[in-house]
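Engineer: My structure is in coords_7.txt, and what it holds is compact mmCIF, C-alpha atoms:
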# COMPACT_ATOMS: atom_id res chain seq x y z
CA MET A 1 -181.84 52.69 14.46
CA ALA A 2 -185.60 52.80 14.98
CA ILE A 3 -187.66 50.48 12.79
CA HIS A 4 -190.76 52.13 11.37
CA ARG A 5 -191.04 50.76 7.83
CA VAL A 6 -190.74 47.05 7.10
CA GLY A 7 -190.34 45.48 3.68
CA VAL A 8 -191.86 42.04 3.12
CA ILE A 9 -190.85 40.15 -0.01
CA GLY A 10 -193.46 37.68 -1.16
CA ALA A 11 -197.23 38.15 -0.87
CA GLY A 12 -198.08 34.45 -0.64
CA THR A 13 -199.37 32.64 2.43
CA MET A 14 -196.42 33.45 4.68
CA GLY A 15 -195.62 36.90 3.27
CA ASN A 16 -199.15 38.24 3.52
CA GLY A 17 -199.42 36.88 7.06
CA ILE A 18 -196.14 38.58 8.01
CA ALA A 19 -197.28 41.87 6.40
CA HIS A 20 -200.60 41.54 8.29
CA VAL A 21 -198.98 41.22 11.74
CA PHE A 22 -196.50 44.04 11.12
CA ALA A 23 -199.25 46.40 9.88
CA ARG A 24 -201.60 45.42 12.71
CA SER A 25 -198.75 46.16 15.15
CA GLY A 26 -198.32 49.71 13.84
CA PHE A 27 -195.46 49.31 11.36
CA ASP A 28 -195.65 50.73 7.83
CA VAL A 29 -195.26 47.83 5.40
CA LEU A 30 -193.95 47.69 1.86
CA LEU A 31 -195.30 44.39 0.50
CA CYS A 32 -193.29 43.40 -2.56
CA ASP A 33 -193.84 40.67 -5.13
CA VAL A 34 -192.96 40.06 -8.78
CA GLU A 35 -196.47 40.66 -10.16
CA GLN A 36 -199.35 42.94 -9.14
CA ARG A 37 -201.80 40.02 -9.26
CA PHE A 38 -199.86 38.28 -6.44
CA LEU A 39 -199.98 41.49 -4.41
CA ASP A 40 -203.71 41.89 -5.06
CA ARG A 41 -204.35 38.31 -3.91
CA GLY A 42 -202.21 38.87 -0.79
CA LEU A 43 -204.02 42.09 0.10
CA GLU A 44 -207.37 40.34 -0.42
CA THR A 45 -206.29 37.63 2.06
CA ILE A 46 -205.06 40.22 4.59
CA THR A 47 -208.41 42.05 4.33
CA LYS A 48 -210.38 38.80 4.87
CA ASN A 49 -208.21 37.86 7.86
CA LEU A 50 -208.56 41.33 9.42
CA ASP A 51 -212.34 41.12 8.85
CA ARG A 52 -212.31 37.81 10.75
CA GLU A 53 -210.46 39.51 13.64
CA VAL A 54 -213.09 42.29 13.70
CA THR A 55 -215.91 39.70 13.75
CA LYS A 56 -214.23 37.95 16.71
CA ASN A 57 -213.78 41.30 18.51
CA LYS A 58 -209.98 40.93 18.54
CA ILE A 59 -209.60 44.30 16.80
CA THR A 60 -211.95 47.16 15.88
CA ALA A 61 -213.01 48.18 12.38
CA ASP A 62 -210.80 51.27 12.83
CA ASP A 63 -207.84 49.00 13.70
CA LYS A 64 -208.49 47.03 10.52
CA ASN A 65 -208.69 50.18 8.36
CA SER A 66 -205.55 51.62 9.95
CA ALA A 67 -203.63 48.37 9.35
CA LEU A 68 -204.69 48.27 5.69
CA LYS A 69 -203.64 51.92 5.22
CA ARG A 70 -200.18 51.04 6.52
CA ILE A 71 -199.60 48.49 3.71
CA THR A 72 -198.25 49.66 0.36
CA SER A 73 -197.88 47.09 -2.41
CA VAL A 74 -194.86 47.39 -4.72
CA VAL A 75 -193.61 45.41 -7.69
CA ASP A 76 -190.36 47.41 -7.93
CA ARG A 77 -187.90 45.93 -5.41
CA GLY A 78 -186.01 49.26 -5.51
CA LYS A 79 -188.83 50.84 -3.47
CA LEU A 80 -187.64 48.74 -0.51
CA ALA A 81 -184.74 51.21 -0.16
CA GLU A 82 -187.05 53.06 2.27
CA ALA A 83 -187.31 50.04 4.60
CA ASP A 84 -185.65 49.82 8.03
CA LEU A 85 -185.99 45.99 8.09
CA VAL A 86 -186.78 43.53 5.30
CA VAL A 87 -188.29 40.07 5.82
CA GLU A 88 -187.95 37.77 2.82
CA ALA A 89 -190.75 35.22 2.42
CA ALA A 90 -190.20 34.06 -1.15
CA THR A 91 -190.33 30.48 -2.36
CA GLU A 92 -187.99 27.96 -0.68
CA LYS A 93 -185.48 27.85 -3.55
CA PHE A 94 -181.91 28.87 -2.79
CA ALA A 95 -181.28 30.43 -6.23
CA ILE A 96 -184.31 32.71 -5.87
CA LYS A 97 -183.42 33.71 -2.31
CA ALA A 98 -179.78 34.26 -3.33
CA ASP A 99 -180.87 36.66 -6.08
CA ILE A 100 -183.13 38.53 -3.64
CA PHE A 101 -180.45 38.82 -0.94
CA ARG A 102 -177.79 40.07 -3.37
CA ASP A 103 -180.25 42.62 -4.76
CA LEU A 104 -181.40 43.79 -1.32
CA ASP A 105 -177.80 44.12 -0.15
CA ARG A 106 -177.23 46.55 -3.03
CA ILE A 107 -180.51 48.47 -2.58
CA LEU A 108 -180.75 48.85 1.21
CA ARG A 109 -178.86 51.16 3.55
CA PRO A 110 -175.96 49.31 5.24
CA GLU A 111 -177.59 49.34 8.69
CA VAL A 112 -180.79 47.58 7.51
CA ILE A 113 -181.38 44.05 8.84
CA LEU A 114 -182.20 41.34 6.30
CA ALA A 115 -184.37 38.53 7.69
CA SER A 116 -185.51 35.37 5.96
CA ASN A 117 -188.62 33.37 6.82
CA THR A 118 -186.86 30.22 5.57
CA SER A 119 -187.08 27.03 7.58
CA SER A 120 -184.68 25.02 5.42
CA ILE A 121 -181.99 27.27 3.89
CA SER A 122 -178.83 28.20 5.80
CA ILE A 123 -178.85 31.74 7.20
CA THR A 124 -175.03 31.60 7.10
CA LYS A 125 -175.16 30.89 3.34
CA LEU A 126 -177.62 33.73 2.75
CA GLY A 127 -175.53 36.12 4.84
CA ALA A 128 -172.38 35.18 2.90
CA LEU A 129 -174.04 36.52 -0.28
CA THR A 130 -174.12 40.01 1.25
CA ASN A 131 -171.71 42.65 2.51
CA ARG A 132 -173.62 42.59 5.83
CA PRO A 133 -173.59 38.98 7.12
CA GLU A 134 -173.77 40.33 10.69
CA LYS A 135 -177.18 41.85 9.79
CA VAL A 136 -178.66 38.68 8.24
CA ILE A 137 -180.94 36.55 10.40
CA GLY A 138 -183.76 34.05 10.18
CA MET A 139 -187.21 35.10 11.33
CA HIS A 140 -189.26 31.94 10.86
CA PHE A 141 -192.96 32.53 11.45
CA PHE A 142 -195.47 29.69 11.71
CA ASN A 143 -198.62 29.37 9.63
CA PRO A 144 -201.13 30.94 10.00
CA VAL A 145 -198.92 33.89 10.96
CA PRO A 146 -201.65 36.09 12.53
CA LEU A 147 -202.63 33.25 14.92
CA MET A 148 -199.41 31.39 15.74
CA LYS A 149 -197.41 32.92 18.59
CA LEU A 150 -193.99 31.36 17.95
CA VAL A 151 -191.20 32.93 15.87
CA GLU A 152 -187.87 31.12 15.51
CA VAL A 153 -185.07 33.69 15.48
CA ILE A 154 -182.22 31.94 13.67
CA ARG A 155 -178.65 33.15 13.83
CA GLY A 156 -176.14 32.57 11.09
CA ILE A 157 -172.48 32.14 12.07
CA ALA A 158 -171.87 35.87 11.47
CA THR A 159 -175.16 37.24 12.88
CA SER A 160 -174.33 39.87 15.51
CA ASP A 161 -175.74 39.95 19.02
CA GLY A 162 -177.17 43.39 18.20
CA THR A 163 -179.07 42.04 15.19
CA TYR A 164 -180.42 39.17 17.28
CA ALA A 165 -181.51 41.54 20.08
CA ARG A 166 -183.32 43.88 17.62
CA VAL A 167 -185.19 41.02 15.92
CA LYS A 168 -186.14 39.48 19.28
CA GLU A 169 -187.48 42.89 20.41
CA ILE A 170 -189.42 43.37 17.16
CA SER A 171 -190.90 39.87 17.44
CA GLU A 172 -192.16 40.73 20.92
CA LYS A 173 -193.68 44.00 19.59
CA LEU A 174 -195.63 41.82 17.15
CA GLY A 175 -197.06 39.88 20.10
CA LYS A 176 -194.94 36.86 19.22
CA VAL A 177 -192.82 34.58 21.39
CA PRO A 178 -189.29 34.54 19.94
CA VAL A 179 -187.25 31.35 20.33
CA GLU A 180 -183.51 31.53 19.62
CA CYS A 181 -182.16 28.94 17.18
CA ASN A 182 -178.71 28.45 15.66
Here is the file; what I need is its structure written in the form of C-alpha cells.
Structural biologist:
Amino acid sequence: MAIHRVGVIGAGTMGNGIAHVFARSGFDVLLCDVEQRFLDRGLETITKNLDREVTKNKITADDKNSALKRITSVVDRGKLAEADLVVEAATEKFAIKADIFRDLDRILRPEVILASNTSSISITKLGALTNRPEKVIGMHFFNPVPLMKLVEVIRGIATSDGTYARVKEISEKLGKVPVECN
C-alpha cells in the first residue's frame, strides 16, 4: 500500500515537528488535536520553522507554501480514516495513548500502520490494545524534529517485518536515519 496521507495526533512540540517533516517531504498531513487552539499554535510553529528554513536557503518560499498547503488541521479524530499511516505524538500517559490507539484501531482501515512517537511506553502494550499488533510500531523522533536526523524505529513483539520495512523506508524518505530498536 502506497502512503500518501499521514495522520499526526498531537500538535505540540513533537507532533508539529513530525507534521512539518512529512509535509516538507511531500506527504499530505492530517494534523489532529483535541482543540483548535492547539492546532493553531502548532501551525504557527510550523510556519515559523519553515520561514527559518527559507531564510537559511534550505528550502524555497514555494517549498514552504507547498508544505503548508499539504497540512490540514482536524479536531475530529474520525477524519483520520483517510490516512495511510498515523503517527501518535500525544502526551506520555499510557491511559491517553491507550484511548487513542483503541479509537484509531476502530477508525482506520485494517492495513494502516499505527506508529507512536513514545520513548517510554511499550510498543507491545500499545499493539495489544488493537486488532493489528503486527502493524503497530514506534517511530521515535528527536527534538527538534526538522533538524535532528535520527529516528528510532521500535518493534513490539508482534510488529511484522513488513511494517518495520515500510516505516524504515518512510523514515529515509523524510531524510532521516532510522535506527532499529526492540
Engineer: Which residues come within 10 Å of Val8 of chain A, counting all atoms listed in the file, excluding same-chain residues fewer than 3 positions away, as a ChimeraX atom specification?
Structural biologist: /A:5,11,14-19,22,29-33,73-74,80,83,85-90,115-117
Engineer: Export, as a PDB file, in the coordinates of the input, the selected residues with C-alpha atoms.
Structural biologist:
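Final output, again28.pdb:
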ATOM      1  CA  ARG A   5    -191.040  50.760   7.830  1.00  0.00           C
ATOM      2  CA  ALA A  11    -197.230  38.150  -0.870  1.00  0.00           C
ATOM      3  CA  MET A  14    -196.420  33.450   4.680  1.00  0.00           C
ATOM      4  CA  GLY A  15    -195.620  36.900   3.270  1.00  0.00           C
ATOM      5  CA  ASN A  16    -199.150  38.240   3.520  1.00  0.00           C
ATOM      6  CA  GLY A  17    -199.420  36.880   7.060  1.00  0.00           C
ATOM      7  CA  ILE A  18    -196.140  38.580   8.010  1.00  0.00           C
ATOM      8  CA  ALA A  19    -197.280  41.870   6.400  1.00  0.00           C
ATOM      9  CA  PHE A  22    -196.500  44.040  11.120  1.00  0.00           C
ATOM     10  CA  VAL A  29    -195.260  47.830   5.400  1.00  0.00           C
ATOM     11  CA  LEU A  30    -193.950  47.690   1.860  1.00  0.00           C
ATOM     12  CA  LEU A  31    -195.300  44.390   0.500  1.00  0.00           C
ATOM     13  CA  CYS A  32    -193.290  43.400  -2.560  1.00  0.00           C
ATOM     14  CA  ASP A  33    -193.840  40.670  -5.130  1.00  0.00           C
ATOM     15  CA  SER A  73    -197.880  47.090  -2.410  1.00  0.00           C
ATOM     16  CA  VAL A  74    -194.860  47.390  -4.720  1.00  0.00           C
ATOM     17  CA  LEU A  80    -187.640  48.740  -0.510  1.00  0.00           C
ATOM     18  CA  ALA A  83    -187.310  50.040   4.600  1.00  0.00           C
ATOM     19  CA  LEU A  85    -185.990  45.990   8.090  1.00  0.00           C
ATOM     20  CA  VAL A  86    -186.780  43.530   5.300  1.00  0.00           C
ATOM     21  CA  VAL A  87    -188.290  40.070   5.820  1.00  0.00           C
ATOM     22  CA  GLU A  88    -187.950  37.770   2.820  1.00  0.00           C
ATOM     23  CA  ALA A  89    -190.750  35.220   2.420  1.00  0.00           C
ATOM     24  CA  ALA A  90    -190.200  34.060  -1.150  1.00  0.00           C
ATOM     25  CA  ALA A 115    -184.370  38.530   7.690  1.00  0.00           C
ATOM     26  CA  SER A 116    -185.510  35.370   5.960  1.00  0.00           C
ATOM     27  CA  ASN A 117    -188.620  33.370   6.820  1.00  0.00           C
TER      28      ASN A 117
END
Engineer: Choose the residue, out of A:Asn49, A:Ser160, A:Thr72, A:Thr91, that has the smallest atom-to-atom separation from Ile113 of chain A; count all atoms listed in the file.
Structural biologist: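 Result for the nearest residue to Ile113 of chain A: A:Ser160.
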Engineer: Could you work out how far atom CA of Thr124 of chain A lies from atom CA of Thr163 of chain A, giving the answer in Å with one decimal?
Structural biologist: 13.8 Å
Engineer: When you count only C-alpha atoms, which of these residues is closest to Pro178 of chain A: A:Pro133, A:Gly138, A:Gly127, A:Gly10?
Structural biologist: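 Of A:Pro133, A:Gly138, A:Gly127, A:Gly10, the one nearest Pro178 of chain A is A:Gly138, counting only C-alpha atoms.
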Engineer: Quick one: distance from atom CA of Lys176 of chain A to atom CA of Leu150 of chain A in Å, one decimal?
Structural biologist: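 Answer for the atom CA of Lys176 of chain A to atom CA of Leu150 of chain A separation: 5.7 Å.
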Engineer: Residues at most 12 Å from Ser66 of chain A, counting only C-alpha atoms, excluding those fewer than 6 positions away in the same chain, as a ChimeraX atom specification?
Structural biologist: /A:20,22-29,47,50,59-60
Engineer: To one decimal place in Å, what is the distance between atom CA of Leu174 of chain A and atom CA of Asp99 of chain A?
Structural biologist: 28.0 Å
Engineer: Check the smallest atom-to-atom distance from each of A:Ile123, A:Ala128, A:Val177, A:Ala165 to Val151 of chain A using all atoms listed in the file, then report the winner.
Structural biologist: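 With all atoms listed in the file as the atom set, the closest residue is A:Val177.
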Engineer: Please identify all polymer residues lying at most 7 Å from the point (-176.9, 44.9, 5.2) (file coordinates), using all atoms listed in the file, and present the result as JSON, numbers by chain.
Structural biologist: {"A": [105, 108, 109, 110, 111, 112, 113, 114, 130, 131, 132, 135]}
Engineer: With only C-alpha atoms as the atoms that count, which of A:Val179, A:Ala158, A:Leu39, A:Ala95 lies nearest to Thr13 of chain A?
Structural biologist: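 Closest residue, counting only C-alpha atoms: A:Leu39.
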Engineer: Using all atoms listed in the file, which residue out of A:Lys125, A:Arg102, A:His140, A:Lys69 lies closest to Ile157 of chain A?
Structural biologist: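 The closest residue to Ile157 of chain A is A:Lys125.
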Engineer: Using all atoms listed in the file, pick whichever of A:Asn182, A:Val75, A:Arg106, A:Glu92 has the shortest atom-to-atom distance to Gly156 of chain A.
Structural biologist: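 Nearest to Gly156 of chain A: A:Asn182.
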